[in-house]
Protein chains: 4
Amino acid sequence: MTVHHFAPKHYYTAIGLYDPALTIDPGDTVITTTVDAHGRDASAQQITPSGNPMTGPFYVRGAEPGDTLVVRIDAITPNRSYGWSGTMLAANVVDPSYVPKLPWPEPGTRRLGDWHVDAVAGTATLTAPESALGRLALPIRPMIGCFGVAAAEGQAISTATSAEHGGNMDYRGFVAGVTVYFPVFAPGALFFLGDGHALQGAGEIAGTGIEISCTMQFTVDVQKGRRIGWPRGETADTIFTVGNARPLDQALQHATTEMVRWLQTEYGWDPIGAQTLMGQVVEYEVGNVFDPAFTMVCKMEKRWLGSREQ
Amino acid sequence: MTVHHFAPKHYYTAIGLYDPALTIDPGDTVITTTVDAHGRDASAQQITPSGNPMTGPFYVRGAEPGDTLVVRIDAITPNRSYGWSGTMLAANVVDPSYVPKLPWPEPGTRRLGDWHVDAVAGTATLTAPESALGRLALPIRPMIGCFGVAAAEGQAISTATSAEHGGNMDYRGFVAGVTVYFPVFAPGALFFLGDGHALQGAGEIAGTGIEISCTMQFTVDVQKGRRIGWPRGETADTIFTVGNARPLDQALQHATTEMVRWLQTEYGWDPIGAQTLMGQVVEYEVGNVFDPAFTMVCKMEKRWLGSREQ
Amino acid sequence: MTVHHFAPKHYYTAIGLYDPALTIDPGDTVITTTVDAHGRDASAQQITPSGNPMTGPFYVRGAEPGDTLVVRIDAITPNRSYGWSGTMLAANVVDPSYVPKLPWPEPGTRRLGDWHVDAVAGTATLTAPESALGRLALPIRPMIGCFGVAAAEGQAISTATSAEHGGNMDYRGFVAGVTVYFPVFAPGALFFLGDGHALQGAGEIAGTGIEISCTMQFTVDVQKGRRIGWPRGETADTIFTVGNARPLDQALQHATTEMVRWLQTEYGWDPIGAQTLMGQVVEYEVGNVFDPAFTMVCKMEKRWLGSREQ
Amino acid sequence: MTVHHFAPKHYYTAIGLYDPALTIDPGDTVITTTVDAHGRDASAQQITPSGNPMTGPFYVRGAEPGDTLVVRIDAITPNRSYGWSGTMLAANVVDPSYVPKLPWPEPGTRRLGDWHVDAVAGTATLTAPESALGRLALPIRPMIGCFGVAAAEGQAISTATSAEHGGNMDYRGFVAGVTVYFPVFAPGALFFLGDGHALQGAGEIAGTGIEISCTMQFTVDVQKGRRIGWPRGETADTIFTVGNARPLDQALQHATTEMVRWLQTEYGWDPIGAQTLMGQVVEYEVGNVFDPAFTMVCKMEKRWLGSREQ
């Protein structure tokens, strides 16, 4: 039950079998920092190349392939006031014929929005581009854009994308208080995290959230022999499953299949019961529709999961 | 501002240029009944062939191509206690390799769930198949599965599917209190409605909601010269747009494009402002992922729409 | 075995239950004309509204739902020298990020290519836009872009799209000499045809072929009680099946499923044998990836179909 | 212009930044062997774990990121007589509702077809499962299922899938005589190859070709400063581009975009000319629709590429 204060020295833009940055035990808590998607730290200095650089990997003692790594997100706190975001919808989220009507920046330039993030007040205020929008102020909801564990077969998977191992899911539901489950593919699991967003709409349709460096705190555990297929999660009131793939239809298939497996293997439902229930109460949330793999979340309220015993 | 009590005599399983069943004026309210998806009425008697039979069409005086038809859903009340639902996930919503593991009924049979719906208490209780599930009771949330207007160019579009004209969208957000906007393609708009569900999860992933005949009340209006591309809707707190297509990615493109157009043409946003905002606050809901065309809803809270004036 | 010379008086931009233009018998041959996709005839005069206007419908005596209509394409001959085509790739066939780089014409204009078609010499020569391309000359291969039969349940399906009934498949393999099979959904089948192309690449990726009015000759037959799911076809050396849907993956699923059914129900293959063979010899051709429904063709050489008897 | 006879000692199931197995020069030829997809060699002994094990990597002197690696496939010769294949269509290539009708083997078993491959006679004969199919004999057409170069950013990409770097494309057109171009992402390019198929139908719809170990010969070259986006290829009569993604629509977008870039940047076409031509003459071939990323090939005959100078 140690609390580790970990200052990262190296960052990775792929999730793979890299040397552990810190070895921890089940039950341990880690407090660390993450740079933003461009590799900029709490001083807004770029200290590592761009592309969702990850803090980690954290080697969790006892985690073996076939187990489940539990990661409780304890806290996500922006550690600077400067955030930035995209200012144009991604070309792939609008009708192809509408793409030329998007507000493309001049060729060779990239136009970002600047946000002043007040983590104490809990607000993000757009400060540029200057426009009638100058006063746009939104409540923040800090989340983790990219986190996960080393994948199977020695793969090193770019932090641009996501798969069974997690990765760049950009799901706005990965906020403090949520418990996330990852399938373990490598000894020690090798957990990475980064890409904090002060706020993000569903789908990450402008290509970014409000990107920002953060202080993050998480607590790990290992569930021996619990074999899951895709990342799963749990809040006070809900359980959810995550599918990562293109197209969105396939991401939804993965999430839905993972949910029906969950209900049947761990909640004791028979197939007909589980599926009858799911048909009437399931919800879906779009993680991202921007990254190479899209993310779809299948969610259920816990209050129905014991329905059969009522 | 007349209130019409309309008893349908004929039902349609395609939405097209059929003779008006009733001619009404903007501002008028209609109270009518709908049969369930199998064509069964308040007595559970099958009075018309199966396949989402529609009540209507209602000819709205003054509606012309290029206008928008406004339909406020005033009330949706199940008018019998018997509801039915699918009891197995649709083959297309799970991983292809999982399809054989679904609880397929015996060849040639179809296994439905029977529900006792108490519209006053607001509950649906599963009465069959007999199982540990016998006591499954859920709060109802009556919605319209299929409604819309005659499409362009003389098409008669099956009520199995959906498109720009609306149709079988199976979106659980089409509940009483919502105002829906349809693009008008034919003189009088020719509005149809039916396919009531006492309850339905997102995606209609078991292939049905809790299907039931209903009494429905709606009020129409016409917005002259307001040209929209896809169905839109409005609740007390939100606005939303609806895209209908396969795959889900394309449905999302339609809904997102319709939303950005809406913000820019009717809410006064400039493109960069609208898209910066959408990127951080938009939400998506899955209508259905079962019908020939899938339905994706793009939703925003109204409180942000005037953000720029703060 | 009558040969009918039919001069169309009316054209349809939806395929549905319209009054027969001509009633014919199995074995009969029809020689008729088709206008181009814009409704222009052999004199290049627009005589009917744009949108793939169809000649027909032809009512085939004895055809009933559950039968198969056989259409042998005897001849497709451009009946004028003026053809036109798109000059830019469709926005949906390139990467979304490439869409702004396409050679978009000035807003409000449409830029077509003009072709001089010499049906005797068998060539199409680009005459405009003027450019280094002025001398581009290609051998023609006349094909039918859109043909099919009335669909089920009283639908009237736009000739912009395609489905089980055929329609706007834009498959370059529908040339003279090919025999096509359509499932019959309505008494008399109600066969329509039109949208001739002097030439077209796979996918119809510029949005058109070389569009032209034609004289077409076809011969019909009816196969009683042969129930097929999707259009099928046959050349001297091959059999093929056609799937129409979005995305292309689903069109491919339909075509592949129809082929495996065909091998098993009509060629006497057992499932393992049929599927082992298909895995090693099947070919796919893209019909169109431009219309609302895409078209994928699954093709096999006939020489393998009796392989098991060798 | 050295000819290297290389006997692999180690195999990789991911394509990444591994230590070079052999360093070669532009112009050099390599003759080597590949194991089959299960890791079995010329003696049918499993000598390395299953999963498309790769021979290599070959470090090509002078190749740097931003260059193009040229690989001419000189020869692919099965080096044993035993081949194996799938005997059931992949679940994802048929309609979801058809999946339960596939000939699933008993749970826990995998049913492969055995083929006797005679590389001299050029035939593959199915020897099991025993059935009326016993005599199925097909002409072989040896191809490379998986080959490519190290990807960008230190990724190690599973040989189950494919991307810009090539990989498991399973395109039946990768036969002897074809020249393939790969974008270089890492110093030395780091070229891998393996997964030979004696034969394979389009789409690899049974999940495999006729899998076999091979002797392969190839010759490399480096094109300095030629920056391409996706694998390209060339035969005596055609050029082609390869897109790897899901869904098939996106793979087609990549291939089409790469082709239009090619025509414009290297063949001197203007955008309108290139796209007008492509619309009428392009062909598509399906590589695979089975792997995590699908493969679509866009192909043009060389005779049209100089059309404008006629």
# chains A, B, ... in the order shown; residues from 1 in each chain; ligands from 1
>>> select_by_dssp(residues="stretch 185-253 of chain C", states="alpha helix (DSSP H)", output="PyMOL selection string")
chain C and resi 248-253
>>> write_last_selection(atoms="C-alpha atoms", output="PDB file, in the first residue's frame")
ATOM      1  CA  LEU C 248     -18.414  -2.178 -49.065  1.00  0.00           C
ATOM      2  CA  ASP C 249     -17.806  -4.833 -46.404  1.00  0.00           C
ATOM      3  CA  GLN C 250     -21.521  -5.478 -46.165  1.00  0.00           C
ATOM      4  CA  ALA C 251     -21.969  -5.551 -49.940  1.00  0.00           C
ATOM      5  CA  LEU C 252     -19.209  -8.154 -49.992  1.00  0.00           C
ATOM      6  CA  GLN C 253     -20.966 -10.158 -47.275  1.00  0.00           C
TER       7      GLN C 253
END
>>> interface_residues(of="chain C", to="chain D", cutoff="7 Å", atoms="only C-alpha atoms", output="PyMOL selection string")
chain C and resi 86-89+93-95+103+132-133+135-136+199-202+204-206+209+247-249+252-254+256-257+271-273+275-276+279-286+307-308+310
>>> select_by_dssp(residues="stretch 142-213 of chain D", states="strand (DSSP E or B)", output="PyMOL selection string")
chain D and resi 143-149+156-158+162-163+166-167+175+179-183+191-197+203+211
>>> residues_around(residues="D:Arg226", least_positions_apart="3", cutoff="7 Å", atoms="only C-alpha atoms", output="list in words")
Gly66, Asp67, Thr68 and Gln223 of chain D
>>> residues_around(residues="D:Asp237", least_positions_apart="6", cutoff="12 Å", atoms="only C-alpha atoms", output="list in words")
Gly177, Val178, Thr179, Lys299, Met300, Glu301, Lys302, Arg303, Trp304 and Leu305 of chain D
>>> residues_around(residues="B:Arg40", least_positions_apart="6", cutoff="10 Å", atoms="only C-alpha atoms", output="PyMOL selection string")
chain B and resi 34+46-50+53+211-213
>>> decode(residues="stretch 263-299 of chain B", atoms="N, CA and C atoms", output="PDB file, in the first residue's frame")
ATOM      1  N   LEU B 263     -25.714  25.257 -36.191  1.00  0.00           N
ATOM      2  CA  LEU B 263     -25.065  26.294 -35.373  1.00  0.00           C
ATOM      3  C   LEU B 263     -24.701  27.510 -36.214  1.00  0.00           C
ATOM      4  N   GLN B 264     -24.245  27.243 -37.433  1.00  0.00           N
ATOM      5  CA  GLN B 264     -23.764  28.340 -38.257  1.00  0.00           C
ATOM      6  C   GLN B 264     -24.903  29.118 -38.912  1.00  0.00           C
ATOM      7  N   THR B 265     -25.962  28.423 -39.331  1.00  0.00           N
ATOM      8  CA  THR B 265     -27.000  29.139 -40.068  1.00  0.00           C
ATOM      9  C   THR B 265     -28.083  29.712 -39.167  1.00  0.00           C
ATOM     10  N   GLU B 266     -28.313  29.113 -37.995  1.00  0.00           N
ATOM     11  CA  GLU B 266     -29.441  29.568 -37.194  1.00  0.00           C
ATOM     12  C   GLU B 266     -29.046  30.113 -35.828  1.00  0.00           C
ATOM     13  N   TYR B 267     -27.856  29.766 -35.363  1.00  0.00           N
ATOM     14  CA  TYR B 267     -27.427  30.273 -34.052  1.00  0.00           C
ATOM     15  C   TYR B 267     -26.353  31.337 -34.166  1.00  0.00           C
ATOM     16  N   GLY B 268     -25.953  31.636 -35.388  1.00  0.00           N
ATOM     17  CA  GLY B 268     -25.066  32.776 -35.581  1.00  0.00           C
ATOM     18  C   GLY B 268     -23.598  32.520 -35.312  1.00  0.00           C
ATOM     19  N   TRP B 269     -23.204  31.274 -35.196  1.00  0.00           N
ATOM     20  CA  TRP B 269     -21.805  30.991 -34.936  1.00  0.00           C
ATOM     21  C   TRP B 269     -20.992  31.075 -36.217  1.00  0.00           C
ATOM     22  N   ASP B 270     -19.771  31.529 -36.091  1.00  0.00           N
ATOM     23  CA  ASP B 270     -18.823  31.426 -37.191  1.00  0.00           C
ATOM     24  C   ASP B 270     -18.281  29.994 -37.203  1.00  0.00           C
ATOM     25  N   PRO B 271     -17.723  29.537 -38.334  1.00  0.00           N
ATOM     26  CA  PRO B 271     -17.284  28.138 -38.417  1.00  0.00           C
ATOM     27  C   PRO B 271     -16.267  27.759 -37.348  1.00  0.00           C
ATOM     28  N   ILE B 272     -15.256  28.573 -37.142  1.00  0.00           N
ATOM     29  CA  ILE B 272     -14.231  28.196 -36.153  1.00  0.00           C
ATOM     30  C   ILE B 272     -14.832  28.136 -34.752  1.00  0.00           C
ATOM     31  N   GLY B 273     -15.663  29.082 -34.443  1.00  0.00           N
ATOM     32  CA  GLY B 273     -16.288  29.084 -33.125  1.00  0.00           C
ATOM     33  C   GLY B 273     -17.177  27.870 -32.930  1.00  0.00           C
ATOM     34  N   ALA B 274     -18.031  27.621 -33.913  1.00  0.00           N
ATOM     35  CA  ALA B 274     -18.964  26.498 -33.796  1.00  0.00           C
ATOM     36  C   ALA B 274     -18.203  25.194 -33.616  1.00  0.00           C
ATOM     37  N   GLN B 275     -17.135  25.034 -34.375  1.00  0.00           N
ATOM     38  CA  GLN B 275     -16.443  23.753 -34.378  1.00  0.00           C
ATOM     39  C   GLN B 275     -15.535  23.596 -33.153  1.00  0.00           C
ATOM     40  N   THR B 276     -14.970  24.691 -32.702  1.00  0.00           N
ATOM     41  CA  THR B 276     -14.211  24.646 -31.445  1.00  0.00           C
ATOM     42  C   THR B 276     -15.128  24.224 -30.300  1.00  0.00           C
ATOM     43  N   LEU B 277     -16.299  24.809 -30.267  1.00  0.00           N
ATOM     44  CA  LEU B 277     -17.262  24.475 -29.220  1.00  0.00           C
ATOM     45  C   LEU B 277     -17.721  23.017 -29.331  1.00  0.00           C
ATOM     46  N   MET B 278     -18.119  22.628 -30.544  1.00  0.00           N
ATOM     47  CA  MET B 278     -18.605  21.257 -30.722  1.00  0.00           C
ATOM     48  C   MET B 278     -17.565  20.240 -30.262  1.00  0.00           C
ATOM     49  N   GLY B 279     -16.320  20.509 -30.573  1.00  0.00           N
ATOM     50  CA  GLY B 279     -15.261  19.572 -30.196  1.00  0.00           C
ATOM     51  C   GLY B 279     -15.199  19.287 -28.709  1.00  0.00           C
ATOM     52  N   GLN B 280     -15.638  20.236 -27.896  1.00  0.00           N
ATOM     53  CA  GLN B 280     -15.495  20.068 -26.444  1.00  0.00           C
ATOM     54  C   GLN B 280     -16.796  19.722 -25.721  1.00  0.00           C
ATOM     55  N   VAL B 281     -17.942  19.885 -26.403  1.00  0.00           N
ATOM     56  CA  VAL B 281     -19.184  19.660 -25.645  1.00  0.00           C
ATOM     57  C   VAL B 281     -20.200  18.728 -26.287  1.00  0.00           C
ATOM     58  N   VAL B 282     -19.965  18.319 -27.522  1.00  0.00           N
ATOM     59  CA  VAL B 282     -20.973  17.518 -28.206  1.00  0.00           C
ATOM     60  C   VAL B 282     -21.116  16.138 -27.553  1.00  0.00           C
ATOM     61  N   GLU B 283     -22.318  15.584 -27.642  1.00  0.00           N
ATOM     62  CA  GLU B 283     -22.562  14.206 -27.211  1.00  0.00           C
ATOM     63  C   GLU B 283     -23.180  13.419 -28.360  1.00  0.00           C
ATOM     64  N   TYR B 284     -22.988  12.110 -28.345  1.00  0.00           N
ATOM     65  CA  TYR B 284     -23.632  11.261 -29.352  1.00  0.00           C
ATOM     66  C   TYR B 284     -24.491  10.212 -28.678  1.00  0.00           C
ATOM     67  N   GLU B 285     -25.603   9.897 -29.306  1.00  0.00           N
ATOM     68  CA  GLU B 285     -26.413   8.774 -28.858  1.00  0.00           C
ATOM     69  C   GLU B 285     -26.696   7.863 -30.051  1.00  0.00           C
ATOM     70  N   VAL B 286     -26.637   6.567 -29.810  1.00  0.00           N
ATOM     71  CA  VAL B 286     -26.935   5.611 -30.863  1.00  0.00           C
ATOM     72  C   VAL B 286     -28.441   5.367 -30.891  1.00  0.00           C
ATOM     73  N   GLY B 287     -29.059   5.657 -32.041  1.00  0.00           N
ATOM     74  CA  GLY B 287     -30.480   5.341 -32.193  1.00  0.00           C
ATOM     75  C   GLY B 287     -30.619   3.836 -32.311  1.00  0.00           C
ATOM     76  N   ASN B 288     -30.433   3.326 -33.522  1.00  0.00           N
ATOM     77  CA  ASN B 288     -30.432   1.884 -33.680  1.00  0.00           C
ATOM     78  C   ASN B 288     -29.208   1.458 -34.477  1.00  0.00           C
ATOM     79  N   VAL B 289     -28.758   0.236 -34.218  1.00  0.00           N
ATOM     80  CA  VAL B 289     -27.722  -0.396 -35.039  1.00  0.00           C
ATOM     81  C   VAL B 289     -28.243  -1.743 -35.517  1.00  0.00           C
ATOM     82  N   PHE B 290     -29.517  -1.760 -35.816  1.00  0.00           N
ATOM     83  CA  PHE B 290     -30.156  -3.018 -36.198  1.00  0.00           C
ATOM     84  C   PHE B 290     -30.853  -2.912 -37.551  1.00  0.00           C
ATOM     85  N   ASP B 291     -31.462  -1.787 -37.829  1.00  0.00           N
ATOM     86  CA  ASP B 291     -32.247  -1.629 -39.048  1.00  0.00           C
ATOM     87  C   ASP B 291     -31.314  -1.508 -40.258  1.00  0.00           C
ATOM     88  N   PRO B 292     -31.873  -1.573 -41.469  1.00  0.00           N
ATOM     89  CA  PRO B 292     -31.014  -1.425 -42.664  1.00  0.00           C
ATOM     90  C   PRO B 292     -30.177  -0.146 -42.635  1.00  0.00           C
ATOM     91  N   ALA B 293     -30.737   0.960 -42.192  1.00  0.00           N
ATOM     92  CA  ALA B 293     -29.922   2.152 -41.937  1.00  0.00           C
ATOM     93  C   ALA B 293     -29.805   2.335 -40.431  1.00  0.00           C
ATOM     94  N   PHE B 294     -28.598   2.620 -39.968  1.00  0.00           N
ATOM     95  CA  PHE B 294     -28.380   2.890 -38.551  1.00  0.00           C
ATOM     96  C   PHE B 294     -28.678   4.361 -38.262  1.00  0.00           C
ATOM     97  N   THR B 295     -28.861   4.680 -36.982  1.00  0.00           N
ATOM     98  CA  THR B 295     -29.207   6.041 -36.601  1.00  0.00           C
ATOM     99  C   THR B 295     -28.245   6.540 -35.528  1.00  0.00           C
ATOM    100  N   MET B 296     -27.667   7.704 -35.786  1.00  0.00           N
ATOM    101  CA  MET B 296     -26.772   8.325 -34.815  1.00  0.00           C
ATOM    102  C   MET B 296     -27.287   9.742 -34.541  1.00  0.00           C
ATOM    103  N   VAL B 297     -27.287  10.106 -33.276  1.00  0.00           N
ATOM    104  CA  VAL B 297     -27.790  11.406 -32.850  1.00  0.00           C
ATOM    105  C   VAL B 297     -26.636  12.234 -32.309  1.00  0.00           C
ATOM    106  N   CYS B 298     -26.529  13.456 -32.767  1.00  0.00           N
ATOM    107  CA  CYS B 298     -25.539  14.417 -32.268  1.00  0.00           C
ATOM    108  C   CYS B 298     -26.288  15.441 -31.420  1.00  0.00           C
ATOM    109  N   LYS B 299     -25.865  15.630 -30.188  1.00  0.00           N
ATOM    110  CA  LYS B 299     -26.653  16.407 -29.236  1.00  0.00           C
ATOM    111  C   LYS B 299     -25.799  17.460 -28.551  1.00  0.00           C
TER     112      LYS B 299
END
